Amino acid sequence: MTIPMTNARWHPVGKAKSEVQYIRREGFPQGIAVLKSGDLALNGLWFRDGTIEFDIKPLAEDIPGIRFRQHDAHNAEEFYIRSLADCRAENDCIQYSPVINGFMLWNVYPEYQRRAPVFPDGWNHVRLVVSGRRMNVFINDAVQPTLVVGELLANAPDGGLELHGPAAFANLVVTPGKTDSLPTAPLADEHGKEPGIVHQWLLAPLAPLHYGIAPRYAEAPPATADWKPVRSERFGIVNLNRQFSASDAPPSLTWLRSSVESDRDQNKQVSLGWIGQAWVFVNGTLITSGKNFYYPDAERRDPDGRLSLENGSFSIPLRRGRNEITVAMYSSVHDDSRARTAYGWALMMRYDDPRGLTIPR
């Protein structure tokens, strides 16, 4: 199914104004869409599984790409190029991100970014092979996948296609059902199976954030509040983007709670991944806090301000019997009090040595 780049097949979408020009040129029989800004949605196509291939020429240093399985304005799968001068050498030259409830989770999955043979100022051929919960990405003349997405993570199993500029797009071909025998089931999640990963949490309703002032344990919502159970997902990530919706509301504080049984009084090393700022309480006492903001640069934790168990490691005191671990989180990519971020909102935690502990699975 070859898709012409014409006004009859596409329409602008989104809050931002789309600036597009449709060009006919020798060698491009289906035309070129020059999308200087904004987004374009394809008319009359609903995509589930198959192959999507197209040519893309970035027009500026940005993140042009494509959304597919676009169920609505707030839920889709997204693939894009970071069209920077050093893209070919950077480990995040190409990226996959789910879009969930209006959140774009580029900072949650460093596993789904790779260096790639991309020409930041020339034409590049992209081929996406989508099958169930899996996707393989091929860039230019790659024979083997340039990026393997072990699990597609957005909410929608099918939906429309949408282009995101600034870039020129041409030679778009969609072949439903052509999956190159790629399995539909996700790849095994070896990271999430690690014995020390904390999978079970309780999540409290959002609470007011007093920016610049550390929360106190006594400010946590009471047990009578509507705390609800949430489980970790792939890689052991507690994906809070499924629990809330992106909005222009003031920033809020999130409270999460878990428990662990210890066979004796002891200290245990914990690895924690988070976005923004986190405060960790053990049995009601503040043990540690830390920042992982993308801006300013100095507050980015390894790796590059993304979510990872590399973000922080610390020792916590556990007493014999049941222990309560409570985490307060302010999630943002900016260390300031502006409105709630529209990017990834997540937490992950691991006991590095789980011997002597009973961790709810």
# chains A, B, ... in the order shown; residues from 1 in each chain; ligands from 1
>>> closest_atom_pairs(of="range 112-227 of chain A", to="range 306-322 of chain A", cutoff="12 Å", atoms="only C-alpha atoms", output="CSV")
residue,atom,partner,partner_atom,distance
A:Tyr112,CA,A:Arg306,CA,11.2
A:Gln113,CA,A:Arg306,CA,11.0
A:His191,CA,A:Leu309,CA,10.4
A:Gly192,CA,A:Leu309,CA,11.5
A:Gly196,CA,A:Leu309,CA,11.7
A:Ile197,CA,A:Leu309,CA,10.1
A:Val198,CA,A:Leu309,CA,11.9
>>> residues_around(residues="Pro29 in chain A", least_positions_apart="6", cutoff="10 Å", atoms="only C-alpha atoms", output="PyMOL selection string")
chain A and resi 4-5+170-171
>>> residues_around(residues="range 138-154 of chain A", least_positions_apart="6", cutoff="6 Å", atoms="only C-alpha atoms", output="PyMOL selection string")
chain A and resi 76-77+98-100+124-127+186-187
>>> atom_distance(atom1="CA of Gly344 in chain A", atom2="CA of Leu240 in chain A")
8.2 Å
>>> select_by_dssp(residues="range 48-288 of chain A", states="strand (DSSP E)", output="JSON, numbers by chain")
{"A": [50, 51, 52, 53, 54, 55, 56, 57, 58, 65, 66, 67, 68, 69, 70, 71, 72, 75, 76, 77, 78, 79, 80, 81, 94, 95, 96, 97, 98, 99, 100, 103, 104, 113, 114, 124, 125, 126, 127, 128, 129, 130, 131, 134, 135, 136, 137, 138, 139, 147, 148, 149, 160, 161, 162, 163, 164, 167, 168, 169, 170, 171, 172, 173, 174, 175, 176, 200, 201, 202, 203, 207, 208, 228, 229, 230, 231, 238, 239, 252, 253, 254, 255, 256, 257, 258, 259, 260, 261, 262, 266, 267, 268, 269, 270, 271, 272, 273, 274, 276, 277, 278, 279, 280, 281, 282, 285, 286, 287, 288]}
>>> closest_residue(among="A:Asp49, A:Glu324, A:Asp265, A:Asp297", to="Thr179 in chain A", atoms="only C-alpha atoms")
A:Asp49
>>> closest_residue(among="A:Asp39, A:Asp189, A:Glu61, A:Glu26", to="Leu161 in chain A", atoms="only C-alpha atoms")
A:Asp39
>>> select_by_dssp(residues="range 55-207 of chain A", states="helix (DSSP H, G or I)", output="MDAnalysis selection string")
chainID A and resid 87:89 110:112 191:193
>>> write_last_selection(atoms="N, CA and C atoms", output="CSV table (one decimal), in the first residue's frame")
chain,number,residue,atom,x,y,z
A,87,CYS,N,24.8,12.4,15.5
A,87,CYS,CA,23.8,11.3,15.7
A,87,CYS,C,24.4,9.9,15.5
A,88,ARG,N,25.2,9.8,14.5
A,88,ARG,CA,25.7,8.4,14.1
A,88,ARG,C,26.6,7.9,15.3
A,89,ALA,N,27.2,8.7,16.1
A,89,ALA,CA,28.1,8.3,17.1
A,89,ALA,C,27.4,8.2,18.5
A,110,PRO,N,16.0,3.7,28.5
A,110,PRO,CA,17.3,3.7,27.8
A,110,PRO,C,17.7,2.5,27.1
A,111,GLU,N,17.0,1.4,27.4
A,111,GLU,CA,17.2,0.1,26.6
A,111,GLU,C,16.7,0.2,25.2
A,112,TYR,N,15.8,1.2,24.9
A,112,TYR,CA,15.2,1.3,23.6
A,112,TYR,C,15.8,2.5,22.8
A,191,HIS,N,15.8,-8.6,33.1
A,191,HIS,CA,16.1,-7.7,34.2
A,191,HIS,C,14.9,-7.7,35.2
A,192,GLY,N,13.7,-7.8,34.8
A,192,GLY,CA,12.6,-7.8,35.7
A,192,GLY,C,12.5,-9.0,36.5
A,193,LYS,N,13.2,-10.1,36.1
A,193,LYS,CA,13.1,-11.4,36.9
A,193,LYS,C,14.2,-11.4,38.0
>>> closest_residue(among="A:Arg9, A:Arg114, A:Arg82, A:Arg338", to="Asp248 in chain A", atoms="only C-alpha atoms")
A:Arg338
>>> residues_around(residues="Arg355 in chain A", least_positions_apart="4", cutoff="10 Å", atoms="only C-alpha atoms", output="PyMOL selection string")
chain A and resi 195-196+262-263+268+351
>>> residues_around(residues="Arg48 in chain A", least_positions_apart="5", cutoff="7 Å", atoms="only C-alpha atoms", output="PyMOL selection string")
chain A and resi 69+157-159
>>> write_last_selection(atoms="all heavy atoms", output="compact mmCIF listing (two decimals), in the first residue's frame")
# COMPACT_ATOMS: atom_id res chain seq x y z
N ARG A 69 -0.06 3.01 15.51
CA ARG A 69 -1.06 2.58 16.49
C ARG A 69 -1.54 3.78 17.30
O ARG A 69 -1.75 3.68 18.52
CB ARG A 69 -0.51 1.49 17.39
CG ARG A 69 -0.23 0.16 16.69
CD ARG A 69 0.32 -0.88 17.65
NE ARG A 69 0.48 -2.18 17.02
CZ ARG A 69 1.07 -3.23 17.62
NH1 ARG A 69 1.55 -3.10 18.85
NH2 ARG A 69 1.17 -4.38 17.00
N PRO A 157 -3.53 -1.42 20.91
CA PRO A 157 -3.02 -2.47 20.03
C PRO A 157 -3.08 -2.11 18.56
O PRO A 157 -2.50 -2.80 17.73
CB PRO A 157 -3.94 -3.66 20.34
CG PRO A 157 -5.24 -3.02 20.71
CD PRO A 157 -4.87 -1.74 21.43
N ASP A 158 -3.81 -1.05 18.22
CA ASP A 158 -3.91 -0.63 16.82
C ASP A 158 -4.29 0.85 16.78
O ASP A 158 -4.63 1.45 17.80
CB ASP A 158 -4.93 -1.48 16.05
CG ASP A 158 -6.29 -1.55 16.75
OD1 ASP A 158 -6.60 -0.67 17.56
OD2 ASP A 158 -7.05 -2.49 16.48
N GLY A 159 -4.19 1.42 15.58
CA GLY A 159 -4.52 2.84 15.45
C GLY A 159 -3.97 3.42 14.17
O GLY A 159 -3.52 2.70 13.27
>>> atom_distance(atom1="CA of Leu128 in chain A", atom2="CA of Ala33 in chain A")
19.4 Å
>>> closest_residue(among="A:Arg350, A:Arg300, A:Lys57, A:His11", to="Ala168 in chain A", atoms="only C-alpha atoms")
A:Lys57
>>> closest_residue(among="A:Gly276, A:Gly27, A:Pro303, A:Pro58", to="Gly165 in chain A", atoms="only C-alpha atoms")
A:Pro58
